[in-house]
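K.L.:
Take this structure, written in structure tokens, and hold onto it; I'll ask about it next.
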Amino acid sequence: LAVYVVSAGVELPIGTKSPSIVDWTPTTCTESVCPAGSGLLAEGSNIDCENATCTTEECCFTYAGCSEFDCTAIGSDYMIKADAPSSCGNSSCGEDDCCELSAFAADEDGVSTATASGLLAAAAIFGLMACLAVICVWHKIRRKR
């Protein structure tokens, strides 16, 4: 009587060494299983993997990014930051990571900050032009003497 094991469609006598026959011992998740842009699940070190090698799906989560974050949920004056990170390093991003007040948002007086800064710039230009006009008039008066 002989006992055989079938491995990859081939009958092997018990005791035959084969790379396809491996003793399975439970393994647990480690950070090394997780690719860039992902992290180890909080319970990762307590997870017994199904096979001798743990998989990304068993052990890891993908970091969240700001592209999925809805800044308008905070308020209509908020938008995604221009320099928002593509990955927050967590399973979710927060408003501080992703959102900023729009340049066109209204301040407490109801005046758009962009409009207010535009008005300030216009006033500065007008003041500069007025100074130039006074200097030109003064120059003309001085030449006539």
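Naming scheme: A, B, ... for chains in displayed order of the structure tokens; residues 1 onward per chain; ligands 1 onward as shown.
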Which residues, written as a tab-separated table (two decimals) with C-alpha atoms, in the first residue's frame, have at least one atom at most 12 Å from A:Ala73, with only C-alpha atoms counted and residues fewer than 5 positions away on the same chain left out?
P.N.:
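And here's selection-v5.tsv as it stands now:
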chain	number	residue	atom	x	y	z
A	78	TYR	CA	-15.16	76.84	0.90
A	79	MET	CA	-13.15	75.14	-1.81
A	80	ILE	CA	-10.37	72.53	-2.16
A	94	GLY	CA	-10.40	66.48	7.37
A	95	GLU	CA	-11.48	69.96	6.40
A	99	CYS	CA	-10.34	73.09	2.41
K.L.:
Could you pull the residues within 6 Å of A:Cys34, counting only C-alpha atoms, minus those fewer than 5 positions along the same chain, as a list in words?
P.N.:
Gly39, Thr56 and Cys60 of chain A
K.L.:
Please identify all polymer residues within 12 Å of A:Pro35, counting only C-alpha atoms, omitting same-chain residues fewer than 3 positions from it, and present them as a ChimeraX atom specification.
P.N.:
/A:30-32,38-40,55-57,59-63
K.L.:
Include all heavy atoms and write out the residues we just selected as a JSON list (two decimals), in the first residue's frame.
P.N.:
[["chain", "number", "residue", "atom", "x", "y", "z"],
["A", 30, "THR", "N", 1.78, 42.72, 8.46],
["A", 30, "THR", "CA", 2.84, 43.66, 8.83],
["A", 30, "THR", "C", 2.80, 44.83, 7.85],
["A", 30, "THR", "O", 2.24, 44.72, 6.76],
["A", 30, "THR", "CB", 4.23, 43.02, 8.78],
["A", 30, "THR", "OG1", 4.49, 42.60, 7.43],
["A", 30, "THR", "CG2", 4.36, 41.85, 9.74],
["A", 31, "GLU", "N", 3.41, 45.93, 8.22],
["A", 31, "GLU", "CA", 3.45, 47.14, 7.39],
["A", 31, "GLU", "C", 4.09, 46.87, 6.03],
["A", 31, "GLU", "O", 3.74, 47.51, 5.04],
["A", 31, "GLU", "CB", 4.24, 48.23, 8.12],
["A", 31, "GLU", "CG", 4.17, 49.60, 7.49],
["A", 31, "GLU", "CD", 2.86, 50.31, 7.69],
["A", 31, "GLU", "OE1", 2.31, 50.25, 8.80],
["A", 31, "GLU", "OE2", 2.36, 50.94, 6.73],
["A", 32, "SER", "N", 4.99, 45.91, 5.97],
["A", 32, "SER", "CA", 5.70, 45.63, 4.72],
["A", 32, "SER", "C", 4.77, 45.12, 3.62],
["A", 32, "SER", "O", 5.12, 45.19, 2.44],
["A", 32, "SER", "CB", 6.81, 44.61, 4.97],
["A", 32, "SER", "OG", 6.26, 43.38, 5.41],
["A", 38, "SER", "N", -0.77, 53.54, 1.20],
["A", 38, "SER", "CA", -1.68, 52.78, 2.05],
["A", 38, "SER", "C", -1.03, 52.55, 3.41],
["A", 38, "SER", "O", 0.16, 52.75, 3.57],
["A", 38, "SER", "CB", -2.06, 51.45, 1.40],
["A", 38, "SER", "OG", -0.93, 50.60, 1.31],
["A", 39, "GLY", "N", -1.85, 52.14, 4.36],
["A", 39, "GLY", "CA", -1.35, 51.89, 5.71],
["A", 39, "GLY", "C", -1.92, 50.60, 6.27],
["A", 39, "GLY", "O", -2.89, 50.04, 5.74],
["A", 40, "LEU", "N", -1.31, 50.13, 7.34],
["A", 40, "LEU", "CA", -1.74, 48.90, 8.00],
["A", 40, "LEU", "C", -3.04, 49.16, 8.76],
["A", 40, "LEU", "O", -3.17, 50.15, 9.47],
["A", 40, "LEU", "CB", -0.64, 48.44, 8.97],
["A", 40, "LEU", "CG", -0.82, 47.11, 9.67],
["A", 40, "LEU", "CD1", -0.80, 45.98, 8.64],
["A", 40, "LEU", "CD2", 0.30, 46.91, 10.68],
["A", 55, "THR", "N", -2.06, 39.24, 2.17],
["A", 55, "THR", "CA", -2.32, 40.07, 1.00],
["A", 55, "THR", "C", -2.65, 41.50, 1.43],
["A", 55, "THR", "O", -3.02, 41.76, 2.58],
["A", 55, "THR", "CB", -3.51, 39.54, 0.18],
["A", 55, "THR", "OG1", -4.69, 39.63, 0.99],
["A", 55, "THR", "CG2", -3.27, 38.10, -0.26],
["A", 56, "THR", "N", -2.52, 42.40, 0.48],
["A", 56, "THR", "CA", -2.85, 43.81, 0.71],
["A", 56, "THR", "C", -4.30, 43.96, 1.15],
["A", 56, "THR", "O", -4.60, 44.73, 2.06],
["A", 56, "THR", "CB", -2.61, 44.62, -0.59],
["A", 56, "THR", "OG1", -1.25, 44.45, -0.99],
["A", 56, "THR", "CG2", -2.89, 46.08, -0.40],
["A", 57, "GLU", "N", -5.20, 43.20, 0.54],
["A", 57, "GLU", "CA", -6.62, 43.30, 0.86],
["A", 57, "GLU", "C", -6.91, 42.91, 2.31],
["A", 57, "GLU", "O", -7.80, 43.44, 2.95],
["A", 57, "GLU", "CB", -7.46, 42.43, -0.08],
["A", 57, "GLU", "CG", -7.51, 42.92, -1.51],
["A", 57, "GLU", "CD", -6.24, 42.59, -2.29],
["A", 57, "GLU", "OE1", -5.49, 41.65, -1.90],
["A", 57, "GLU", "OE2", -5.97, 43.28, -3.28],
["A", 59, "CYS", "N", -4.77, 43.18, 4.88],
["A", 59, "CYS", "CA", -4.01, 43.94, 5.88],
["A", 59, "CYS", "C", -4.06, 45.46, 5.76],
["A", 59, "CYS", "O", -3.79, 46.15, 6.74],
["A", 59, "CYS", "CB", -2.53, 43.54, 5.79],
["A", 59, "CYS", "SG", -2.24, 41.78, 6.02],
["A", 60, "CYS", "N", -4.36, 45.99, 4.60],
["A", 60, "CYS", "CA", -4.12, 47.42, 4.35],
["A", 60, "CYS", "C", -5.37, 48.19, 3.97],
["A", 60, "CYS", "O", -6.34, 47.63, 3.50],
["A", 60, "CYS", "CB", -3.10, 47.57, 3.22],
["A", 60, "CYS", "SG", -1.62, 46.55, 3.44],
["A", 61, "PHE", "N", -5.29, 49.49, 4.18],
["A", 61, "PHE", "CA", -6.32, 50.41, 3.69],
["A", 61, "PHE", "C", -5.61, 51.46, 2.84],
["A", 61, "PHE", "O", -4.44, 51.77, 3.05],
["A", 61, "PHE", "CB", -7.09, 51.07, 4.84],
["A", 61, "PHE", "CG", -6.27, 52.05, 5.64],
["A", 61, "PHE", "CD1", -6.23, 53.39, 5.31],
["A", 61, "PHE", "CD2", -5.52, 51.62, 6.73],
["A", 61, "PHE", "CE1", -5.47, 54.29, 6.04],
["A", 61, "PHE", "CE2", -4.75, 52.51, 7.48],
["A", 61, "PHE", "CZ", -4.72, 53.85, 7.12],
["A", 62, "THR", "N", -6.32, 52.00, 1.86],
["A", 62, "THR", "CA", -5.76, 53.04, 1.01],
["A", 62, "THR", "C", -5.99, 54.39, 1.68],
["A", 62, "THR", "O", -7.07, 54.67, 2.17],
["A", 62, "THR", "CB", -6.46, 53.03, -0.37],
["A", 62, "THR", "OG1", -6.29, 51.73, -0.93],
["A", 62, "THR", "CG2", -5.88, 54.06, -1.30],
["A", 63, "TYR", "N", -4.92, 55.20, 1.70],
["A", 63, "TYR", "CA", -5.04, 56.54, 2.28],
["A", 63, "TYR", "C", -6.06, 57.35, 1.49],
["A", 63, "TYR", "O", -6.15, 57.24, 0.27],
["A", 63, "TYR", "CB", -3.71, 57.29, 2.24],
["A", 63, "TYR", "CG", -2.65, 56.76, 3.16],
["A", 63, "TYR", "CD1", -1.31, 56.83, 2.81],
["A", 63, "TYR", "CD2", -2.95, 56.21, 4.40],
["A", 63, "TYR", "CE1", -0.32, 56.36, 3.64],
["A", 63, "TYR", "CE2", -1.96, 55.74, 5.24],
["A", 63, "TYR", "CZ", -0.64, 55.82, 4.86],
["A", 63, "TYR", "OH", 0.33, 55.36, 5.68]]
K.L.:
Quick one: of A:Ser86, A:Lys81, A:Ser91, A:Val10, who's nearest to A:Ala103, counting only C-alpha atoms?
P.N.:
A:Lys81
K.L.:
Atom CA of A:Glu11 and atom CA of A:Cys54 are how many Å apart?
P.N.:
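If I compute the distance from atom CA of A:Glu11 to atom CA of A:Cys54, I get 28.2 Å.
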K.L.:
Show me, as a list of chain:residue names, the residues that have an atom within 10 Å of A:Glu58 when counting only C-alpha atoms, minus same-chain residues fewer than 4 positions from it.
P.N.:
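What passes the distance filter is A:Thr28, A:Cys29, A:Val33, A:Cys34, A:Leu40, A:Leu41, A:Gly44, A:Ile47, A:Asp48, A:Cys49, A:Glu50, A:Cys54.
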